[in-house]
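Presented below is the structure to which this report refers.
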Amino acid sequence: MGEATVRTLEGRTAAPPPTEERADRSSADRRPRRAPRVPRRPRLWFEVLLIALSYWTYSLVRNAVPEQRAAALRNADWVWQTEQSLHIAVEHTVNRAVNSVTWLIVGMNYYYATLHFVLTIGVLVWLYRWHPGRYAAARLALFATTGVALLGYYLFPLAPPRLMSGVGFVDTVVVHHTWGSMASGNLANVSNQYAAMPSMHIGWSTWCGVTIAMLARPVWVRVLGVLYPVATLAVIVSTANHFWLDAVGGLLCLSFGFTVSCAWFGALPYRLTRHVARRGAAPATLQAP
């Protein structure tokens, strides 16, 4: 058959695309697209070893960052003065007020020392057991968050408010003789006291909170997930371990972590399928929680 013509709106005729061009378009439409990366089933021994080595490396690098005391104190003064000039410096008022309630501040000291680790490990275990298809992506987000925080410790040494002189902050661990900070008392010599920016208490607690809020089924558990980073913010400020701007740094690191995870797996952890597909099956990549 001869080439057909196509009538345009102006009444003119135009030839259709050549046969070769139509064939190229048809073959391009049929070309298979690259499938998103499929999560693999996590191996327990590997995950335990990986988490242990990662935390050991993080602690080693964090504490190996030079304790630039003079620079850290200068940066703390700068942060404090900046907050005052913006009328957002609430840390001193909160620290003094909560310190006057002994049972509350003692509880916060232990909260600061323990929940940071306990709940993060607990959420990892929960993901591994009940959401194996999402575990690797969520773990990558957490690891990337923690890794980029090391740059903050190196590039911007910052003293916590409790170590500033002449301001009046209370080191609640020292005053109340509680075990609540690796950077206070006898443990100070094995921990970098000037690594307050960014706050990984906020980075990790927000990772936990988002994970729980997105994946847990009971509404009350989701609510607790949302409240967990909020409570952590109150704790780090009340105990004078961080400025609240350190929390902003922690959230920025977490955003980076989720970006890395999304780029690697093609979706946020909570959009991936809950279960790992069986061998030989075509897995669904995206799934509602």
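We label chains A, B, ... in the order they appear in the structure tokens, count residues from 1 in each chain, and number ligands from 1 in the order shown.
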
Review point. Counting only C-alpha atoms, what is within 12 Å of Asp77 in chain A, bar same-chain residues fewer than 2 positions away, as an MDAnalysis selection string?
Key: chainID A and resid 70:75 79:84 89 157:161 163:167 243

Got time to write the residues from that selection, N, CA, C and O atoms, as a tab-separated table (two decimals), in the first residue's frame?
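Wrote it out as again_25.tsv, contents follow:
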chain	number	residue	atom	x	y	z
A	70	ALA	N	39.04	24.76	72.66
A	70	ALA	CA	38.89	26.20	72.45
A	70	ALA	C	37.90	26.49	71.33
A	70	ALA	O	37.01	27.35	71.47
A	71	ALA	N	38.04	25.77	70.21
A	71	ALA	CA	37.12	25.99	69.09
A	71	ALA	C	35.71	25.58	69.47
A	71	ALA	O	34.74	26.24	69.08
A	72	ALA	N	35.57	24.47	70.22
A	72	ALA	CA	34.25	23.99	70.62
A	72	ALA	C	33.54	25.01	71.51
A	72	ALA	O	32.33	25.23	71.38
A	73	LEU	N	34.28	25.60	72.42
A	73	LEU	CA	33.67	26.60	73.30
A	73	LEU	C	33.34	27.87	72.55
A	73	LEU	O	32.31	28.51	72.82
A	74	ARG	N	34.19	28.26	71.60
A	74	ARG	CA	33.88	29.43	70.77
A	74	ARG	C	32.61	29.19	69.97
A	74	ARG	O	31.75	30.08	69.86
A	75	ASN	N	32.50	28.00	69.40
A	75	ASN	CA	31.30	27.69	68.62
A	75	ASN	C	30.06	27.66	69.50
A	75	ASN	O	28.98	28.07	69.07
A	79	VAL	N	26.75	29.88	68.94
A	79	VAL	CA	25.40	29.33	68.84
A	79	VAL	C	24.48	29.98	69.86
A	79	VAL	O	23.34	30.37	69.55
A	80	TRP	N	24.97	30.11	71.09
A	80	TRP	CA	24.16	30.69	72.15
A	80	TRP	C	23.81	32.14	71.87
A	80	TRP	O	22.67	32.57	72.05
A	81	GLN	N	24.79	32.91	71.41
A	81	GLN	CA	24.54	34.31	71.08
A	81	GLN	C	23.60	34.45	69.89
A	81	GLN	O	22.75	35.35	69.85
A	82	THR	N	23.73	33.55	68.92
A	82	THR	CA	22.84	33.58	67.76
A	82	THR	C	21.40	33.31	68.20
A	82	THR	O	20.47	34.00	67.75
A	83	GLU	N	21.20	32.31	69.04
A	83	GLU	CA	19.86	32.01	69.53
A	83	GLU	C	19.30	33.19	70.33
A	83	GLU	O	18.10	33.51	70.20
A	84	GLN	N	20.14	33.83	71.13
A	84	GLN	CA	19.66	34.97	71.90
A	84	GLN	C	19.26	36.13	70.99
A	84	GLN	O	18.24	36.80	71.24
A	89	ALA	N	16.46	31.43	72.44
A	89	ALA	CA	17.34	30.75	73.40
A	89	ALA	C	16.54	30.36	74.64
A	89	ALA	O	16.42	31.12	75.60
A	157	PRO	N	33.30	21.35	65.77
A	157	PRO	CA	33.32	20.92	67.17
A	157	PRO	C	32.47	21.86	68.01
A	157	PRO	O	32.56	23.09	67.86
A	158	LEU	N	31.67	21.30	68.88
A	158	LEU	CA	30.74	22.12	69.67
A	158	LEU	C	30.64	21.59	71.08
A	158	LEU	O	30.36	20.40	71.30
A	159	ALA	N	30.85	22.45	72.04
A	159	ALA	CA	30.68	22.08	73.44
A	159	ALA	C	29.21	22.08	73.80
A	159	ALA	O	28.46	22.96	73.35
A	160	PRO	N	28.76	21.13	74.60
A	160	PRO	CA	27.37	21.16	75.06
A	160	PRO	C	27.17	22.32	76.04
A	160	PRO	O	28.14	22.81	76.65
A	161	PRO	N	25.95	22.77	76.21
A	161	PRO	CA	25.70	23.90	77.12
A	161	PRO	C	26.24	23.69	78.53
A	161	PRO	O	26.72	24.63	79.16
A	163	LEU	N	28.90	22.50	79.56
A	163	LEU	CA	30.34	22.75	79.70
A	163	LEU	C	30.71	24.21	79.50
A	163	LEU	O	31.88	24.57	79.63
A	164	MET	N	29.73	25.04	79.21
A	164	MET	CA	30.01	26.47	79.05
A	164	MET	C	30.19	27.11	80.42
A	164	MET	O	29.51	26.76	81.38
A	165	SER	N	31.10	28.04	80.50
A	165	SER	CA	31.36	28.73	81.76
A	165	SER	C	30.71	30.11	81.76
A	165	SER	O	30.65	30.77	80.72
A	166	GLY	N	30.23	30.51	82.94
A	166	GLY	CA	29.66	31.84	83.08
A	166	GLY	C	28.27	32.01	82.55
A	166	GLY	O	27.76	33.13	82.51
A	167	VAL	N	27.62	30.94	82.15
A	167	VAL	CA	26.26	31.04	81.60
A	167	VAL	C	25.23	30.55	82.61
A	167	VAL	O	24.12	31.06	82.67
A	243	PHE	N	22.18	22.07	72.54
A	243	PHE	CA	21.31	23.17	72.13
A	243	PHE	C	20.21	22.58	71.25
A	243	PHE	O	20.39	21.52	70.64

Practice item. Write out as an NGL selection string each polymer residue whose atoms come within 8 Å of His131 in chain A, counting only C-alpha atoms; drop sequence neighbours fewer than 4 positions from it. Key: :A and (126-127 or 135 or 274-275)

Write to file, as an mmCIF file, in the first residue's frame, the residues of the selection just made, with N, CA and C atoms.
data_model
loop_
_atom_site.group_PDB
_atom_site.id
_atom_site.type_symbol
_atom_site.label_atom_id
_atom_site.label_comp_id
_atom_site.auth_asym_id
_atom_site.auth_seq_id
_atom_site.Cartn_x
_atom_site.Cartn_y
_atom_site.Cartn_z
ATOM 1 N N TRP A 126 12.732 -5.451 65.443
ATOM 2 C CA TRP A 126 11.334 -5.521 64.992
ATOM 3 C C TRP A 126 11.249 -5.518 63.468
ATOM 4 N N LEU A 127 12.013 -4.651 62.821
ATOM 5 C CA LEU A 127 12.031 -4.620 61.359
ATOM 6 C C LEU A 127 12.546 -5.939 60.790
ATOM 7 N N TYR A 135 13.708 -3.909 55.891
ATOM 8 C CA TYR A 135 14.786 -3.806 56.875
ATOM 9 C C TYR A 135 16.055 -3.190 56.290
ATOM 10 N N ARG A 274 6.617 -5.558 52.305
ATOM 11 C CA ARG A 274 6.899 -5.969 53.684
ATOM 12 C C ARG A 274 7.753 -7.227 53.751
ATOM 13 N N HIS A 275 7.436 -8.185 52.908
ATOM 14 C CA HIS A 275 8.126 -9.472 52.944
ATOM 15 C C HIS A 275 9.058 -9.610 51.750
#

Taking the backbone alone, and naming residues the way the document does, which bits of range 34-275 of chain A are alpha helix (DSSP H) by DSSP, as a PDB file with C-alpha atoms, in the first residue's frame?
ATOM      1  CA  LEU A  44      20.975 -12.732  61.279  1.00  0.00           C
ATOM      2  CA  TRP A  45      24.673 -13.406  61.870  1.00  0.00           C
ATOM      3  CA  PHE A  46      25.651 -10.851  59.242  1.00  0.00           C
ATOM      4  CA  GLU A  47      23.330  -8.178  60.641  1.00  0.00           C
ATOM      5  CA  VAL A  48      24.567  -8.648  64.214  1.00  0.00           C
ATOM      6  CA  LEU A  49      28.176  -8.453  63.040  1.00  0.00           C
ATOM      7  CA  LEU A  50      27.488  -5.465  60.800  1.00  0.00           C
ATOM      8  CA  ILE A  51      25.711  -3.464  63.496  1.00  0.00           C
ATOM      9  CA  ALA A  52      28.394  -4.245  66.080  1.00  0.00           C
ATOM     10  CA  LEU A  53      31.233  -3.293  63.725  1.00  0.00           C
ATOM     11  CA  SER A  54      29.411  -0.172  62.536  1.00  0.00           C
ATOM     12  CA  TYR A  55      28.794   1.116  66.041  1.00  0.00           C
ATOM     13  CA  TRP A  56      32.366   0.295  67.060  1.00  0.00           C
ATOM     14  CA  THR A  57      33.676   2.190  64.019  1.00  0.00           C
ATOM     15  CA  TYR A  58      31.346   5.126  64.682  1.00  0.00           C
ATOM     16  CA  SER A  59      32.464   5.364  68.313  1.00  0.00           C
ATOM     17  CA  LEU A  60      36.110   5.020  67.334  1.00  0.00           C
ATOM     18  CA  VAL A  61      35.963   7.724  64.684  1.00  0.00           C
ATOM     19  CA  ARG A  62      33.797  10.040  66.799  1.00  0.00           C
ATOM     20  CA  ASN A  63      36.145   9.823  69.758  1.00  0.00           C
ATOM     21  CA  ALA A  64      39.204  10.066  67.506  1.00  0.00           C
ATOM     22  CA  ARG A  69      38.238  22.562  73.299  1.00  0.00           C
ATOM     23  CA  ALA A  70      38.891  26.201  72.452  1.00  0.00           C
ATOM     24  CA  ALA A  71      37.123  25.986  69.091  1.00  0.00           C
ATOM     25  CA  ALA A  72      34.247  23.992  70.616  1.00  0.00           C
ATOM     26  CA  LEU A  73      33.675  26.597  73.304  1.00  0.00           C
ATOM     27  CA  ARG A  74      33.884  29.434  70.770  1.00  0.00           C
ATOM     28  CA  ASN A  75      31.304  27.687  68.621  1.00  0.00           C
ATOM     29  CA  ALA A  76      29.072  27.147  71.648  1.00  0.00           C
ATOM     30  CA  ASP A  77      29.252  30.860  72.467  1.00  0.00           C
ATOM     31  CA  TRP A  78      28.408  31.667  68.858  1.00  0.00           C
ATOM     32  CA  VAL A  79      25.397  29.326  68.840  1.00  0.00           C
ATOM     33  CA  TRP A  80      24.163  30.685  72.154  1.00  0.00           C
ATOM     34  CA  GLN A  81      24.536  34.312  71.082  1.00  0.00           C
ATOM     35  CA  THR A  82      22.841  33.577  67.763  1.00  0.00           C
ATOM     36  CA  GLU A  83      19.863  32.012  69.530  1.00  0.00           C
ATOM     37  CA  GLN A  84      19.664  34.974  71.895  1.00  0.00           C
ATOM     38  CA  SER A  85      19.727  37.470  69.040  1.00  0.00           C
ATOM     39  CA  GLU A  91      17.706  26.057  76.855  1.00  0.00           C
ATOM     40  CA  HIS A  92      18.821  27.837  80.027  1.00  0.00           C
ATOM     41  CA  THR A  93      15.266  28.404  81.257  1.00  0.00           C
ATOM     42  CA  VAL A  94      14.243  24.799  80.552  1.00  0.00           C
ATOM     43  CA  ASN A  95      17.410  23.382  82.133  1.00  0.00           C
ATOM     44  CA  ARG A  96      17.000  25.329  85.390  1.00  0.00           C
ATOM     45  CA  ALA A  97      13.264  24.688  85.639  1.00  0.00           C
ATOM     46  CA  VAL A  98      13.410  20.918  85.098  1.00  0.00           C
ATOM     47  CA  ASN A  99      16.460  20.579  87.352  1.00  0.00           C
ATOM     48  CA  THR A 102      14.502  15.969  91.193  1.00  0.00           C
ATOM     49  CA  TRP A 103      12.527  12.881  90.167  1.00  0.00           C
ATOM     50  CA  LEU A 104      11.927  14.307  86.699  1.00  0.00           C
ATOM     51  CA  ILE A 105      15.498  15.278  85.926  1.00  0.00           C
ATOM     52  CA  VAL A 106      16.881  12.011  87.321  1.00  0.00           C
ATOM     53  CA  GLY A 107      14.506  10.120  85.060  1.00  0.00           C
ATOM     54  CA  MET A 108      15.645  12.237  82.121  1.00  0.00           C
ATOM     55  CA  ASN A 109      19.281  11.467  82.902  1.00  0.00           C
ATOM     56  CA  TYR A 110      18.621   7.747  82.652  1.00  0.00           C
ATOM     57  CA  TYR A 111      16.436   8.286  79.580  1.00  0.00           C
ATOM     58  CA  TYR A 112      19.342  10.097  77.912  1.00  0.00           C
ATOM     59  CA  ALA A 113      21.803   7.329  78.796  1.00  0.00           C
ATOM     60  CA  THR A 114      19.776   4.268  77.849  1.00  0.00           C
ATOM     61  CA  LEU A 115      16.768   4.723  75.566  1.00  0.00           C
ATOM     62  CA  HIS A 116      18.927   6.129  72.782  1.00  0.00           C
ATOM     63  CA  PHE A 117      20.464   2.677  72.303  1.00  0.00           C
ATOM     64  CA  VAL A 118      17.753   0.337  73.591  1.00  0.00           C
ATOM     65  CA  LEU A 119      14.901   1.556  71.410  1.00  0.00           C
ATOM     66  CA  THR A 120      17.014   1.906  68.265  1.00  0.00           C
ATOM     67  CA  ILE A 121      18.175  -1.709  68.575  1.00  0.00           C
ATOM     68  CA  GLY A 122      14.613  -2.734  69.394  1.00  0.00           C
ATOM     69  CA  VAL A 123      13.248  -1.142  66.216  1.00  0.00           C
ATOM     70  CA  LEU A 124      15.958  -2.816  64.143  1.00  0.00           C
ATOM     71  CA  VAL A 125      15.022  -6.200  65.623  1.00  0.00           C
ATOM     72  CA  TRP A 126      11.334  -5.521  64.992  1.00  0.00           C
ATOM     73  CA  LEU A 127      12.031  -4.620  61.359  1.00  0.00           C
ATOM     74  CA  TYR A 128      14.200  -7.690  60.889  1.00  0.00           C
ATOM     75  CA  ARG A 129      11.515  -9.977  62.275  1.00  0.00           C
ATOM     76  CA  TRP A 130       8.298  -8.479  60.933  1.00  0.00           C
ATOM     77  CA  PRO A 132      12.334  -8.084  56.334  1.00  0.00           C
ATOM     78  CA  GLY A 133      11.653  -6.523  52.942  1.00  0.00           C
ATOM     79  CA  ARG A 134      12.003  -3.040  54.431  1.00  0.00           C
ATOM     80  CA  TYR A 135      14.786  -3.806  56.875  1.00  0.00           C
ATOM     81  CA  ALA A 136      17.791  -3.240  54.593  1.00  0.00           C
ATOM     82  CA  ALA A 137      16.520   0.101  53.309  1.00  0.00           C
ATOM     83  CA  ALA A 138      15.688   1.367  56.796  1.00  0.00           C
ATOM     84  CA  ARG A 139      19.052   0.178  58.093  1.00  0.00           C
ATOM     85  CA  LEU A 140      20.853   1.979  55.257  1.00  0.00           C
ATOM     86  CA  ALA A 141      19.027   5.209  56.129  1.00  0.00           C
ATOM     87  CA  LEU A 142      20.158   4.867  59.746  1.00  0.00           C
ATOM     88  CA  PHE A 143      23.755   4.062  58.811  1.00  0.00           C
ATOM     89  CA  ALA A 144      23.994   6.930  56.314  1.00  0.00           C
ATOM     90  CA  THR A 145      22.575   9.304  58.925  1.00  0.00           C
ATOM     91  CA  THR A 146      25.177   8.233  61.461  1.00  0.00           C
ATOM     92  CA  GLY A 147      28.012   8.333  58.949  1.00  0.00           C
ATOM     93  CA  VAL A 148      27.383  11.888  57.789  1.00  0.00           C
ATOM     94  CA  ALA A 149      27.138  13.026  61.422  1.00  0.00           C
ATOM     95  CA  LEU A 150      30.846  12.300  61.777  1.00  0.00           C
ATOM     96  CA  LEU A 151      31.547  15.129  59.347  1.00  0.00           C
ATOM     97  CA  GLY A 152      29.708  17.498  61.660  1.00  0.00           C
ATOM     98  CA  TYR A 153      31.808  16.405  64.631  1.00  0.00           C
ATOM     99  CA  TYR A 154      34.989  17.007  62.673  1.00  0.00           C
ATOM    100  CA  LEU A 155      34.060  20.242  60.882  1.00  0.00           C
ATOM    101  CA  THR A 172      22.383  17.434  85.816  1.00  0.00           C
ATOM    102  CA  VAL A 173      24.397  14.194  85.834  1.00  0.00           C
ATOM    103  CA  VAL A 174      27.068  15.682  88.085  1.00  0.00           C
ATOM    104  CA  VAL A 175      24.614  17.477  90.361  1.00  0.00           C
ATOM    105  CA  HIS A 176      22.350  14.478  90.905  1.00  0.00           C
ATOM    106  CA  MET A 200      22.299  11.718  67.057  1.00  0.00           C
ATOM    107  CA  HIS A 201      19.874  11.371  69.953  1.00  0.00           C
ATOM    108  CA  ILE A 202      17.491  13.303  67.692  1.00  0.00           C
ATOM    109  CA  GLY A 203      18.628  11.642  64.473  1.00  0.00           C
ATOM    110  CA  TRP A 204      18.149   8.130  65.844  1.00  0.00           C
ATOM    111  CA  SER A 205      14.975   8.855  67.814  1.00  0.00           C
ATOM    112  CA  THR A 206      13.340  10.478  64.784  1.00  0.00           C
ATOM    113  CA  TRP A 207      14.323   7.478  62.654  1.00  0.00           C
ATOM    114  CA  CYS A 208      12.657   5.251  65.262  1.00  0.00           C
ATOM    115  CA  GLY A 209       9.627   7.487  65.524  1.00  0.00           C
ATOM    116  CA  VAL A 210       9.042   7.696  61.770  1.00  0.00           C
ATOM    117  CA  THR A 211       9.501   3.934  61.388  1.00  0.00           C
ATOM    118  CA  ILE A 212       7.033   3.166  64.168  1.00  0.00           C
ATOM    119  CA  ALA A 213       4.510   5.763  63.007  1.00  0.00           C
ATOM    120  CA  MET A 214       4.578   4.491  59.423  1.00  0.00           C
ATOM    121  CA  LEU A 215       4.592   0.734  60.015  1.00  0.00           C
ATOM    122  CA  VAL A 219      -2.917   3.717  66.673  1.00  0.00           C
ATOM    123  CA  TRP A 220      -1.578   4.180  70.198  1.00  0.00           C
ATOM    124  CA  VAL A 221       1.775   2.723  69.146  1.00  0.00           C
ATOM    125  CA  ARG A 222       1.928   5.146  66.229  1.00  0.00           C
ATOM    126  CA  VAL A 223       1.201   8.014  68.577  1.00  0.00           C
ATOM    127  CA  LEU A 224       4.034   6.905  70.855  1.00  0.00           C
ATOM    128  CA  GLY A 225       6.295   6.807  67.802  1.00  0.00           C
ATOM    129  CA  VAL A 226       5.471  10.421  67.011  1.00  0.00           C
ATOM    130  CA  LEU A 227       5.976  11.502  70.631  1.00  0.00           C
ATOM    131  CA  TYR A 228       9.320   9.730  71.065  1.00  0.00           C
ATOM    132  CA  PRO A 229      11.534  12.286  69.228  1.00  0.00           C
ATOM    133  CA  VAL A 230       9.581  15.117  70.845  1.00  0.00           C
ATOM    134  CA  ALA A 231      10.312  13.690  74.299  1.00  0.00           C
ATOM    135  CA  THR A 232      13.946  13.199  73.308  1.00  0.00           C
ATOM    136  CA  LEU A 233      14.226  16.846  72.331  1.00  0.00           C
ATOM    137  CA  ALA A 234      12.902  17.843  75.758  1.00  0.00           C
ATOM    138  CA  VAL A 235      15.452  15.538  77.413  1.00  0.00           C
ATOM    139  CA  ILE A 236      18.547  16.715  75.547  1.00  0.00           C
ATOM    140  CA  VAL A 237      17.671  20.346  76.268  1.00  0.00           C
ATOM    141  CA  SER A 238      16.665  19.802  79.904  1.00  0.00           C
ATOM    142  CA  TRP A 244      18.047  22.708  70.338  1.00  0.00           C
ATOM    143  CA  LEU A 245      19.817  23.739  67.119  1.00  0.00           C
ATOM    144  CA  ASP A 246      21.827  20.521  67.475  1.00  0.00           C
ATOM    145  CA  ALA A 247      18.509  18.769  66.937  1.00  0.00           C
ATOM    146  CA  VAL A 248      18.101  20.605  63.637  1.00  0.00           C
ATOM    147  CA  GLY A 249      21.492  19.245  62.616  1.00  0.00           C
ATOM    148  CA  GLY A 250      20.336  15.741  63.518  1.00  0.00           C
ATOM    149  CA  LEU A 251      17.235  16.111  61.342  1.00  0.00           C
ATOM    150  CA  LEU A 252      19.343  17.300  58.406  1.00  0.00           C
ATOM    151  CA  CYS A 253      21.535  14.220  58.756  1.00  0.00           C
ATOM    152  CA  LEU A 254      18.433  12.009  58.842  1.00  0.00           C
ATOM    153  CA  SER A 255      17.146  13.656  55.662  1.00  0.00           C
ATOM    154  CA  PHE A 256      20.435  12.787  54.005  1.00  0.00           C
ATOM    155  CA  GLY A 257      20.138   9.208  55.237  1.00  0.00           C
ATOM    156  CA  PHE A 258      16.657   8.755  53.780  1.00  0.00           C
ATOM    157  CA  THR A 259      17.813  10.322  50.498  1.00  0.00           C
ATOM    158  CA  VAL A 260      20.650   7.800  50.203  1.00  0.00           C
ATOM    159  CA  SER A 261      18.312   4.895  50.999  1.00  0.00           C
ATOM    160  CA  CYS A 262      15.702   6.076  48.511  1.00  0.00           C
ATOM    161  CA  ALA A 263      18.317   6.516  45.778  1.00  0.00           C
ATOM    162  CA  TRP A 264      19.685   3.005  46.347  1.00  0.00           C
ATOM    163  CA  PHE A 265      16.404   1.098  46.659  1.00  0.00           C
TER     164      PHE A 265
END

Check your understanding: At what distance in Å, to one decimal, does CA of Asn241 in chain A lie from CA of Ala196 in chain A?
Key -> 7.5 Å

Review point. What is the distance, in Å and to one decimal place, between CA of Tyr194 in chain A and CA of His87 in chain A?
Key: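 Between CA of Tyr194 in chain A and CA of His87 in chain A the gap is 24.7 Å.
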
Practice item. Using only C-alpha atoms, find the one residue out of A:Pro218, A:Gln68, A:Arg43, A:Phe169 that sits nearest to Ala240 in chain A. Key: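 Checking each candidate against Ala240 in chain A, we get A:Phe169 as the closest.
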